[in-house]
$ cat entry-v5.tsv   # TSV, C-alpha atoms
chain	number	residue	atom	x	y	z
T	1	MET	CA	0.49	20.27	19.56
T	2	THR	CA	-1.82	19.02	16.88
T	3	PRO	CA	-2.18	21.62	14.12
T	4	PRO	CA	-5.57	23.11	13.23
T	5	ARG	CA	-7.60	21.02	10.84
T	6	GLY	CA	-7.60	22.16	7.23
T	7	ARG	CA	-10.83	22.88	5.45
T	8	GLY	CA	-9.98	23.36	1.80
T	9	VAL	CA	-6.97	21.31	0.79
T	10	LEU	CA	-4.83	18.52	2.13
T	11	ARG	CA	-1.95	19.56	4.31
T	12	LEU	CA	0.92	17.43	5.57
T	13	ARG	CA	1.60	16.67	9.17
T	14	THR	CA	4.92	15.17	10.17
T	15	ARG	CA	6.25	14.21	13.57
T	16	ALA	CA	7.72	17.72	13.73
T	17	ASP	CA	4.23	19.05	14.38
T	18	VAL	CA	3.99	16.88	17.47
T	19	THR	CA	7.47	16.75	18.93
T	20	GLY	CA	9.13	19.82	17.44
T	21	VAL	CA	11.80	17.60	15.85
T	22	SER	CA	11.35	16.08	12.42
T	23	VAL	CA	12.37	12.44	12.16
T	24	LEU	CA	12.26	12.34	8.38
T	25	PRO	CA	15.98	13.12	7.76
T	26	GLU	CA	16.91	10.02	9.78
T	27	LEU	CA	14.24	7.81	8.20
T	28	ARG	CA	15.60	4.85	6.26
T	29	TYR	CA	13.97	1.64	5.08
T	30	PRO	CA	15.90	-1.64	4.81
T	31	THR	CA	16.56	-3.20	1.43
T	32	VAL	CA	15.46	-6.78	0.75
T	33	THR	CA	19.08	-7.90	1.16
T	34	GLU	CA	19.23	-6.21	4.56
T	35	GLN	CA	15.95	-7.83	5.57
T	36	VAL	CA	17.30	-11.26	4.70
T	37	SER	CA	20.55	-10.56	6.58
T	38	ALA	CA	18.57	-9.52	9.67
T	39	ALA	CA	16.41	-12.65	9.42
T	40	ARG	CA	19.53	-14.82	9.12
T	41	ALA	CA	20.96	-13.16	12.23
T	42	LEU	CA	17.79	-13.96	14.18
T	43	THR	CA	17.93	-17.56	13.00
T	44	ALA	CA	21.60	-17.88	13.96
T	45	HIS	CA	20.83	-16.39	17.39
T	46	ARG	CA	17.92	-18.76	18.09
T	47	PRO	CA	18.31	-21.77	15.77
T	48	GLY	CA	16.02	-23.91	17.92
T	49	VAL	CA	13.14	-21.48	17.47
T	50	CYS	CA	13.71	-19.78	14.12
T	51	THR	CA	14.06	-21.08	10.59
T	52	LEU	CA	14.60	-19.21	7.34
T	53	ARG	CA	13.84	-20.80	3.99
T	54	GLN	CA	13.18	-19.92	0.38
T	55	VAL	CA	9.55	-20.42	-0.68
T	56	GLY	CA	9.68	-19.24	-4.29
T	57	VAL	CA	11.29	-16.96	-6.82
T	58	SER	CA	10.21	-13.78	-8.55
T	59	ARG	CA	9.80	-13.33	-12.30
T	60	ALA	CA	13.40	-12.09	-12.41
T	61	GLY	CA	14.67	-15.01	-10.33
T	62	ARG	CA	14.98	-13.23	-6.99
T	63	PRO	CA	14.29	-15.49	-3.98
T	64	LEU	CA	11.28	-15.07	-1.70
T	65	HIS	CA	12.13	-15.87	1.93
T	66	LEU	CA	9.95	-17.01	4.82
T	67	LEU	CA	11.14	-16.55	8.41
T	68	SER	CA	9.34	-18.84	10.88
T	69	VAL	CA	9.33	-18.48	14.66
T	70	GLY	CA	7.97	-21.47	16.56
T	71	ARG	CA	6.56	-24.76	15.32
T	72	ALA	CA	2.97	-24.86	16.55
T	73	ARG	CA	0.35	-25.88	13.98
T	74	ARG	CA	-1.84	-22.84	14.74
T	75	ALA	CA	-0.21	-20.25	12.49
T	76	VAL	CA	-0.08	-16.52	11.88
T	77	LEU	CA	1.30	-15.31	8.55
T	78	VAL	CA	2.69	-11.78	8.24
T	79	VAL	CA	3.35	-10.42	4.73
T	80	ALA	CA	5.43	-7.37	3.83
T	81	GLY	CA	6.42	-5.77	0.55
T	82	ALA	CA	3.33	-6.60	-1.50
T	83	HIS	CA	3.49	-3.03	-2.85
T	84	ALA	CA	6.97	-1.77	-3.65
T	85	ASN	CA	6.15	1.84	-2.74
T	86	GLU	CA	5.03	0.92	0.81
T	87	PRO	CA	8.35	0.17	2.56
T	88	THR	CA	7.13	0.67	6.13
T	89	GLY	CA	6.00	-2.96	6.20
T	90	SER	CA	9.58	-4.24	6.01
T	91	CYS	CA	10.56	-2.39	9.20
T	92	THR	CA	7.38	-3.46	10.96
T	93	LEU	CA	7.79	-7.11	10.01
T	94	LEU	CA	11.27	-7.34	11.50
T	95	ALA	CA	10.16	-5.52	14.66
T	96	VAL	CA	7.25	-7.94	15.12
T	97	ALA	CA	9.52	-10.94	14.52
T	98	ARG	CA	11.95	-9.73	17.19
T	99	ARG	CA	9.12	-9.14	19.65
T	100	VAL	CA	7.68	-12.60	19.07
T	101	LEU	CA	11.12	-14.10	19.58
T	102	GLU	CA	11.71	-12.15	22.80
T	103	GLN	CA	8.27	-12.70	24.35
T	104	ARG	CA	7.62	-16.41	24.77
T	105	ARG	CA	3.96	-15.85	25.68
T	106	LEU	CA	3.32	-14.68	22.11
T	107	ARG	CA	4.41	-18.13	20.89
T	108	ASP	CA	2.26	-20.19	23.26
T	109	GLY	CA	0.41	-22.53	20.94
T	110	ILE	CA	1.09	-20.27	17.93
T	111	SER	CA	3.78	-20.23	15.26
T	112	TRP	CA	4.59	-17.00	13.43
T	113	HIS	CA	5.68	-16.87	9.81
T	114	PHE	CA	7.04	-13.78	8.06
T	115	LEU	CA	7.17	-13.42	4.27
T	116	LEU	CA	9.97	-10.86	4.13
T	117	CYS	CA	9.07	-9.33	0.76
T	118	ALA	CA	6.27	-10.48	-1.53
T	119	ASP	CA	7.62	-8.53	-4.52
T	120	PRO	CA	11.42	-8.31	-4.51
T	121	ASP	CA	11.48	-7.23	-8.17
T	122	GLY	CA	9.27	-4.25	-7.35
T	123	ALA	CA	11.35	-3.44	-4.30
T	124	SER	CA	14.44	-3.22	-6.49
T	125	LEU	CA	12.76	-0.54	-8.61
T	126	HIS	CA	11.33	1.68	-5.86
T	127	VAL	CA	14.47	3.62	-4.95
T	128	THR	CA	13.57	6.06	-2.19
T	129	PRO	CA	15.00	4.39	0.92
T	130	ALA	CA	15.15	7.69	2.86
T	131	PRO	CA	12.65	10.19	1.41
T	132	ARG	CA	12.77	13.70	2.92
T	133	SER	CA	9.68	14.97	1.11
T	134	LEU	CA	6.85	13.76	-1.10
T	135	PHE	CA	8.74	15.15	-4.10
T	136	ASP	CA	11.85	13.17	-3.14
T	137	TYR	CA	9.68	10.08	-2.64
T	138	HIS	CA	8.17	10.36	-6.11
T	139	LEU	CA	11.49	10.88	-7.90
T	140	GLY	CA	12.30	7.22	-7.24
T	141	PHE	CA	8.72	5.94	-7.24
T	142	PHE	CA	7.59	2.56	-8.53
T	143	ARG	CA	4.35	0.62	-8.11
T	144	PRO	CA	3.67	-2.17	-10.61
T	145	ALA	CA	0.67	-2.36	-12.91
T	146	GLY	CA	-2.20	-4.21	-11.24
T	147	PRO	CA	-1.67	-7.61	-12.94
T	148	GLU	CA	1.96	-7.58	-11.74
T	149	GLN	CA	1.09	-7.04	-8.06
T	150	PRO	CA	1.28	-10.32	-6.09
T	151	GLU	CA	-1.82	-9.82	-3.94
T	152	TRP	CA	-4.02	-8.21	-6.61
T	153	ALA	CA	-3.13	-10.40	-9.58
T	154	PRO	CA	-5.82	-13.07	-8.88
T	155	SER	CA	-8.51	-10.41	-9.25
T	156	LEU	CA	-7.19	-9.43	-12.68
T	157	LEU	CA	-5.73	-12.57	-14.28
T	158	PRO	CA	-6.86	-16.14	-14.91
T	159	PRO	CA	-5.25	-18.79	-12.65
T	160	ASP	CA	-2.90	-20.05	-15.38
T	161	ARG	CA	-1.36	-16.57	-15.83
T	162	LEU	CA	-0.64	-15.68	-12.21
T	163	PRO	CA	2.89	-14.40	-11.54
T	164	PRO	CA	5.27	-16.65	-9.56
T	165	GLU	CA	5.17	-14.27	-6.58
T	166	THR	CA	1.42	-14.83	-6.27
T	167	ARG	CA	1.83	-18.60	-6.56
T	168	ALA	CA	4.50	-18.52	-3.85
T	169	LEU	CA	2.25	-16.54	-1.51
T	170	THR	CA	-0.79	-18.75	-2.03
T	171	GLY	CA	1.45	-21.80	-1.68
T	172	VAL	CA	2.58	-20.59	1.75
T	173	ILE	CA	-1.05	-20.04	2.75
T	174	ASP	CA	-1.95	-23.54	1.54
T	175	GLU	CA	0.91	-25.02	3.56
T	176	LEU	CA	0.42	-23.08	6.80
T	177	ARG	CA	-3.39	-22.72	6.76
T	178	PRO	CA	-3.11	-19.61	8.94
T	179	TYR	CA	-5.99	-18.62	11.15
T	180	LEU	CA	-4.75	-15.04	10.69
T	181	GLN	CA	-2.90	-13.38	7.84
T	182	VAL	CA	-1.64	-9.85	8.46
T	183	THR	CA	-0.47	-7.98	5.39
T	184	LEU	CA	1.47	-4.78	6.05
T	185	HIS	CA	0.69	-1.88	3.76
T	186	GLY	CA	1.13	1.87	3.76
T	187	THR	CA	0.06	5.04	2.08
T	188	ASP	CA	2.15	8.03	1.10
T	189	LEU	CA	-0.30	10.59	2.51
T	190	GLY	CA	-3.25	10.16	4.84
T	191	GLY	CA	-3.88	8.23	8.03
T	192	SER	CA	-3.96	4.70	9.38
T	193	TRP	CA	-6.76	2.20	8.96
T	194	VAL	CA	-7.41	-1.54	8.88
T	195	GLN	CA	-9.25	-3.62	6.30
T	196	LEU	CA	-10.62	-6.98	7.46
T	197	THR	CA	-11.93	-9.88	5.41
T	198	LYS	CA	-13.99	-10.84	8.48
T	199	ASP	CA	-14.89	-8.71	11.46
T	200	VAL	CA	-12.71	-8.86	14.59
T	201	PRO	CA	-14.93	-7.55	17.41
T	202	GLY	CA	-13.18	-5.17	19.77
T	203	LEU	CA	-10.29	-4.32	17.42
T	204	ALA	CA	-11.20	-0.64	17.00
T	205	GLU	CA	-10.38	0.38	20.57
T	206	PRO	CA	-6.76	-0.92	20.80
T	207	PHE	CA	-6.15	0.21	17.23
T	208	ALA	CA	-7.23	3.76	18.02
T	209	LYS	CA	-5.18	3.76	21.23
T	210	SER	CA	-2.03	2.65	19.40
T	211	ALA	CA	-2.51	5.29	16.70
T	212	ALA	CA	-3.03	8.02	19.32
T	213	GLU	CA	0.14	7.03	21.18
T	214	LEU	CA	2.11	7.34	17.93
T	215	HIS	CA	0.38	10.59	16.88
T	216	ILE	CA	-0.99	8.97	13.73
T	217	PRO	CA	-4.48	10.05	12.60
T	218	VAL	CA	-7.03	7.30	12.16
T	219	GLU	CA	-8.43	7.53	8.63
T	220	THR	CA	-12.15	7.21	9.31
T	221	GLY	CA	-13.30	7.67	5.69
T	222	ALA	CA	-10.67	5.82	3.68
T	223	SER	CA	-11.46	5.94	-0.04
T	224	ASP	CA	-9.92	2.46	-0.40
T	225	ALA	CA	-12.75	1.17	1.80
T	226	ALA	CA	-15.52	3.39	0.42
T	227	GLY	CA	-18.94	1.96	1.17
T	228	TRP	CA	-17.64	-0.84	3.38
T	229	PRO	CA	-19.16	-1.55	6.81
T	230	ALA	CA	-17.12	-0.12	9.71
T	231	SER	CA	-16.91	-1.95	13.02
T	232	GLY	CA	-15.29	1.13	14.57
T	233	PRO	CA	-13.31	4.23	13.52
T	234	GLY	CA	-10.74	3.21	10.95
T	235	VAL	CA	-11.68	-0.49	11.02
T	236	HIS	CA	-13.42	-1.55	7.81
T	237	VAL	CA	-14.87	-4.96	6.97
T	238	MET	CA	-14.86	-5.98	3.34
T	239	PRO	CA	-18.39	-6.36	1.97
T	240	ALA	CA	-20.01	-9.59	0.87
T	241	PRO	CA	-19.39	-10.73	-2.73
T	242	GLY	CA	-22.77	-9.50	-3.95
T	243	VAL	CA	-22.24	-5.89	-2.91
T	244	GLY	CA	-21.21	-3.58	-5.72
T	245	PRO	CA	-17.98	-1.54	-5.47
T	246	ALA	CA	-17.99	2.19	-4.75
T	247	TYR	CA	-15.87	2.78	-7.89
T	248	PRO	CA	-17.30	0.42	-10.53
T	249	SER	CA	-14.69	1.25	-13.17
T	250	LEU	CA	-11.70	-0.02	-11.18
T	251	PRO	CA	-10.80	-3.49	-12.44
T	252	ASP	CA	-9.36	-4.95	-9.23
T	253	ASP	CA	-11.54	-6.31	-6.44
T	254	ALA	CA	-10.22	-7.10	-2.97
T	255	ARG	CA	-12.66	-9.99	-2.68
T	256	HIS	CA	-10.75	-11.84	-5.40
T	257	SER	CA	-7.27	-11.06	-4.04
T	258	THR	CA	-4.94	-13.31	-2.05
T	259	TRP	CA	-6.42	-11.76	1.08
T	260	TYR	CA	-9.33	-14.18	0.77
T	261	HIS	CA	-7.18	-17.27	0.20
T	262	ALA	CA	-6.96	-17.85	3.98
T	263	HIS	CA	-10.76	-18.27	4.06
T	264	ARG	CA	-10.30	-21.72	2.53
T	265	TYR	CA	-8.95	-22.81	5.88
T	266	GLY	CA	-11.28	-20.85	8.13
T	267	GLY	CA	-8.86	-17.93	8.51
T	268	LEU	CA	-9.09	-14.20	7.88
T	269	THR	CA	-6.84	-11.40	6.70
T	270	ALA	CA	-6.15	-8.04	8.31
T	271	VAL	CA	-4.64	-5.40	6.03
T	272	VAL	CA	-2.95	-2.70	8.12
T	273	GLU	CA	-2.31	0.67	6.49
T	274	VAL	CA	-0.03	3.37	7.89
T	275	PRO	CA	0.97	6.72	6.35
T	276	MET	CA	4.44	7.98	5.54
T	277	TRP	CA	3.12	11.52	5.88
T	278	ALA	CA	-0.05	12.31	7.82
T	279	SER	CA	-2.87	14.57	6.71
T	280	ASP	CA	-4.92	16.76	9.03
T	281	LEU	CA	-8.16	16.05	7.14
T	282	VAL	CA	-8.57	12.30	6.96
T	283	ASP	CA	-9.49	11.85	10.63
T	284	ASP	CA	-12.26	14.49	10.71
T	285	PRO	CA	-15.64	12.72	11.10
T	286	ALA	CA	-17.66	15.95	10.85
T	287	PRO	CA	-20.19	16.13	8.01
T	288	HIS	CA	-18.88	17.89	4.91
T	289	PRO	CA	-21.11	20.86	3.97
T	290	ALA	CA	-21.19	19.91	0.26
T	291	PRO	CA	-19.55	16.51	-0.33
T	292	ALA	CA	-20.90	15.91	-3.84
T	293	ALA	CA	-19.75	19.32	-5.09
T	294	ALA	CA	-16.32	18.89	-3.48
T	295	ILE	CA	-15.84	15.45	-4.98
T	296	GLY	CA	-16.99	16.78	-8.35
T	297	ARG	CA	-14.20	19.37	-8.23
T	298	LEU	CA	-11.70	16.63	-7.34
T	299	ALA	CA	-12.94	14.52	-10.25
T	300	ARG	CA	-12.44	17.37	-12.70
T	301	ARG	CA	-8.96	17.99	-11.33
T	302	LEU	CA	-8.26	14.28	-11.80
T	303	GLN	CA	-9.39	14.50	-15.42
T	304	ARG	CA	-7.23	17.58	-16.02
T	305	ASP	CA	-4.12	16.09	-14.42
T	306	GLY	CA	-4.58	12.76	-16.18
T	307	LEU	CA	-4.93	14.43	-19.56
T	308	GLU	CA	-1.81	16.50	-18.98
T	309	VAL	CA	0.31	13.43	-18.23
T	310	THR	CA	-1.31	11.48	-21.07
T	311	ARG	CA	-0.38	14.25	-23.52
T	312	VAL	CA	3.27	13.92	-22.49
T	313	LEU	CA	3.07	10.14	-22.84
T	314	ASP	CA	1.49	10.33	-26.30
T	315	GLU	CA	4.11	12.85	-27.42
T	316	THR	CA	7.06	10.80	-26.22
T	317	LEU	CA	5.96	7.24	-27.11
T	318	PRO	CA	7.16	7.50	-30.73
T	319	ARG	CA	10.60	8.55	-29.45
T	320	LEU	CA	10.85	5.64	-27.01
T	321	GLY	CA	11.30	3.13	-29.80
T	322	GLY	CA	9.01	0.38	-28.52
T	323	LEU	CA	10.37	0.50	-24.96
T	324	ASP	CA	8.18	-1.59	-22.65
T	325	GLY	CA	9.61	-1.91	-19.16
T	326	PRO	CA	7.81	-2.16	-15.81
T	327	LEU	CA	7.94	1.61	-15.20
T	328	LEU	CA	6.25	2.42	-18.50
T	329	ARG	CA	3.70	-0.38	-18.12
T	330	ALA	CA	2.80	0.87	-14.66
T	331	ALA	CA	2.49	4.50	-15.82
T	332	ARG	CA	0.19	3.50	-18.67
T	333	TRP	CA	-1.88	1.29	-16.35
T	334	GLY	CA	-2.44	4.20	-13.97
T	335	LEU	CA	-3.41	6.61	-16.73
T	336	GLU	CA	-5.88	4.12	-18.15
T	337	LEU	CA	-7.71	4.16	-14.80
T	338	VAL	CA	-8.23	7.93	-14.79
T	339	PRO	CA	-11.24	8.37	-17.12
T	340	GLY	CA	-13.33	5.68	-15.45
T	341	LEU	CA	-12.41	6.76	-11.94
T	342	ALA	CA	-13.25	10.39	-12.70
T	343	SER	CA	-16.60	9.27	-14.12
T	344	ASP	CA	-17.29	7.21	-10.99
T	345	LEU	CA	-16.62	10.23	-8.79
T	346	LEU	CA	-18.76	12.52	-10.93
T	347	HIS	CA	-21.77	10.26	-11.38
T	348	THR	CA	-21.90	8.08	-8.27
T	349	PRO	CA	-23.32	9.49	-5.01
T	350	PRO	CA	-20.57	9.91	-2.37
T	351	ALA	CA	-20.06	6.70	-0.40
T	352	ASP	CA	-19.46	8.80	2.74
T	353	LEU	CA	-20.54	12.34	3.60
T	354	THR	CA	-17.76	13.25	6.04
T	355	ARG	CA	-14.84	15.64	5.72
T	356	ALA	CA	-12.57	12.64	6.31
T	357	TYR	CA	-13.86	10.87	3.22
T	358	VAL	CA	-13.57	13.96	1.01
T	359	GLY	CA	-10.00	14.42	2.29
T	360	SER	CA	-9.19	10.81	1.45
T	361	VAL	CA	-10.66	11.15	-2.05
T	362	ASP	CA	-8.59	14.33	-2.45
T	363	ALA	CA	-5.40	12.33	-1.80
T	364	PHE	CA	-6.59	9.45	-4.01
T	365	ALA	CA	-7.42	11.73	-6.94
T	366	ARG	CA	-4.00	13.42	-6.70
T	367	ARG	CA	-2.19	10.13	-6.32
T	368	VAL	CA	-3.21	8.31	-9.51
T	369	PRO	CA	-1.91	10.78	-12.15
T	370	LEU	CA	1.02	11.83	-9.93
T	371	ARG	CA	2.30	8.27	-9.70
T	372	ALA	CA	1.98	7.82	-13.46
T	373	ALA	CA	3.85	11.09	-14.03
T	374	ALA	CA	6.60	10.09	-11.60
T	375	MET	CA	7.21	6.73	-13.27
T	376	LEU	CA	7.06	8.21	-16.75
T	377	LEU	CA	9.57	10.83	-15.62
T	378	ARG	CA	12.00	8.07	-14.63
T	379	VAL	CA	11.61	6.51	-18.08
T	380	LEU	CA	12.23	9.82	-19.85
T	381	ARG	CA	15.22	10.65	-17.69
T	382	GLY	CA	16.67	7.26	-18.57
T	383	THR	CA	16.43	8.10	-22.28
T	384	ASP	CA	17.39	11.79	-21.91
T	385	ASP	CA	14.09	12.76	-23.51
T	386	ARG	CA	13.44	16.49	-23.78
T	387	ALA	CA	10.00	16.13	-22.15
T	388	ALA	CA	11.57	15.07	-18.83
T	389	LYS	CA	11.83	18.66	-17.60
T	390	GLN	CA	8.14	19.28	-18.29
T	391	LEU	CA	7.19	16.16	-16.32
T	392	GLU	CA	9.50	17.09	-13.46
T	393	GLU	CA	7.60	20.37	-13.13
T	394	LEU	CA	4.32	18.42	-13.04
T	395	VAL	CA	5.61	16.09	-10.31
T	396	ALA	CA	6.98	19.03	-8.31
T	397	THR	CA	3.63	20.85	-8.30

$ encode --input "entry-v5.tsv" --output "structure tokens"
Amino acid sequence: MTPPRGRGVLRLRTRADVTGVSVLPELRYPTVTEQVSAARALTAHRPGVCTLRQVGVSRAGRPLHLLSVGRARRAVLVVAGAHANEPTGSCTLLAVARRVLEQRRLRDGISWHFLLCADPDGASLHVTPAPRSLFDYHLGFFRPAGPEQPEWAPSLLPPDRLPPETRALTGVIDELRPYLQVTLHGTDLGGSWVQLTKDVPGLAEPFAKSAAELHIPVETGASDAAGWPASGPGVHVMPAPGVGPAYPSLPDDARHSTWYHAHRYGGLTAVVEVPMWASDLVDDPAPHPAPAAAIGRLARRLQRDGLEVTRVLDETLPRLGGLDGPLLRAARWGLELVPGLASDLLHTPPADLTRAYVGSVDAFARRVPLRAAAMLLRVLRGTDDRAAKQLEELVAT
């Protein structure tokens, strides 16, 4: 039975609420090494149909692998692992590859290509392969700073400074010229939604049906797609280049990401988001009674939480002795976003007036300082800093 909808705060909904049995204790995501082993097994099983090759290396020298099924010129590219903290894509990618291999009709006139992990360095640092709770998930959390994310880097860096993972991904797109790129993403808390670089008429109905069958709420007011046109519930089409963003302070812009690289060849990109934990608020399309006031409260909470984590960072930096690893860079990047984002929320009219949108902003405003705190906690634990206990209490609450 679906639980009653919340009205004041976000609440979690797991499969236990639907089936009476929680699946989280058995949940486990494959490592990059396991993904590659599974892809090699598929290739060995069907060598006439499948190929596996290296298409680049990461900054740390880790290989990036592409699994191809079929040889038709009309191509679909599926990308997983662009964000280290979104491991559901790795499972999905392998499941889709097996289905394409088993069902010949899916290969009629189409070749399928699977980039197993776009950021293997990031994947090596996000160490929660079987999280039982959001707290457990954040204890091993990692998400790189924006310029170090393969898909987002082109919106933040000049072409001559792009990381090798980005160059590998765009190189694959240039080679395959896919008519469709599907990039598999996820969120820690919320619902499922799709972002399209071009509209796909009729997508909303099968998408909603699939989500309903899996008891996943459709996030109808996703903050990531605030102000974008919607072709149906949970299906958002990225706006034209001249349209201003809902959160002007955020430095990244999807319209300058690798998602648009397929447009050079007449293709489009579909970004599919699924939650690790579902919320009972993000699929409520009812009008919120006071959206501006609610978002104002969330903005002030964001300011408060960001300041609290920043105080710990400022206190501990002198003791870290010039340490500058990916965890610390990512934590600082996140904290630097907080003041501008809070100002956007306080001074910009709500992009959506529904309860779903306010619920999504609630999760977004919690997420930014929480992620920074979680990554800073890992740094402090690694140096046995005395402030680690204080940060652990922040992450736990």

$ residues_around --input "entry-v5.tsv" --residues "Leu394 (chain T)" --least-positions-apart "4" --cutoff "10 Å" --atoms "all atoms listed in the file" --output "number ranges by chain"
T: 305, 308-309, 369-370, 373-374, 377, 388-390

$ residues_around --input "entry-v5.tsv" --residues "Ser257 (chain T)" --least-positions-apart "5" --cutoff "8 Å" --atoms "all atoms listed in the file" --output "list of chain:residue names"
T:Glu151, T:Trp152, T:Ala153, T:Pro154, T:Ser155

$ atom_distance --input "entry-v5.tsv" --atom1 "CA of Pro131 (chain T)" --atom2 "CA of Arg311 (chain T)"
28.4 Å

$ residues_around --input "entry-v5.tsv" --residues "region 136-143 of chain T" --least-positions-apart "4" --cutoff "8 Å" --atoms "all atoms listed in the file" --output "MDAnalysis selection string"
chainID T and resid 83:85 122 125:128 131:132 327 330 371 374:375 377:378 395

$ closest_residue --input "entry-v5.tsv" --among "T:Val368, T:Val271, T:Ala145, T:Ala225" --to "Arg329 (chain T)" --atoms "all atoms listed in the file"
T:Ala145

$ atom_distance --input "entry-v5.tsv" --atom1 "CA of Ser279 (chain T)" --atom2 "CA of Gly296 (chain T)"
20.8 Å

$ decode --input "entry-v5.tsv" --residues "region 215-251 of chain T" --atoms "C-alpha atoms" --output "short mmCIF file (atom, residue, chain, number, x, y, z; two decimals), in the first residue's frame"
data_model
loop_
_atom_site.label_atom_id
_atom_site.label_comp_id
_atom_site.auth_asym_id
_atom_site.auth_seq_id
_atom_site.Cartn_x
_atom_site.Cartn_y
_atom_site.Cartn_z
CA HIS T 215 6.39 1.43 -7.62
CA ILE T 216 8.66 4.39 -8.35
CA PRO T 217 7.12 7.88 -8.06
CA VAL T 218 7.38 10.09 -11.12
CA GLU T 219 9.03 13.35 -10.09
CA THR T 220 6.75 15.87 -11.75
CA GLY T 221 8.48 19.01 -10.41
CA ALA T 222 12.16 18.09 -10.52
CA SER T 223 14.32 20.98 -9.32
CA ASP T 224 17.03 19.88 -11.79
CA ALA T 225 14.59 20.75 -14.58
CA ALA T 226 13.06 23.85 -12.98
CA GLY T 227 11.40 26.07 -15.56
CA TRP T 228 11.84 23.60 -18.42
CA PRO T 229 8.93 22.69 -20.73
CA ALA T 230 7.29 19.36 -19.88
CA SER T 231 5.91 17.12 -22.61
CA GLY T 232 4.22 14.98 -19.95
CA PRO T 233 4.55 14.14 -16.24
CA GLY T 234 8.21 13.64 -15.43
CA VAL T 235 9.40 14.23 -19.01
CA HIS T 236 11.26 17.53 -19.33
CA VAL T 237 12.68 19.10 -22.49
CA MET T 238 15.75 21.27 -22.08
CA PRO T 239 15.03 24.89 -23.01
CA ALA T 240 16.48 26.75 -25.97
CA PRO T 241 19.89 28.42 -25.50
CA GLY T 242 18.39 31.87 -25.03
CA VAL T 243 16.24 30.92 -22.05
CA GLY T 244 17.69 31.89 -18.69
CA PRO T 245 18.25 29.23 -15.99
CA ALA T 246 15.99 28.92 -12.95
CA TYR T 247 19.05 29.17 -10.66
CA PRO T 248 21.28 31.84 -12.24
CA SER T 249 24.13 31.40 -9.76
CA LEU T 250 24.89 27.78 -10.67
CA PRO T 251 27.89 27.74 -13.01
#
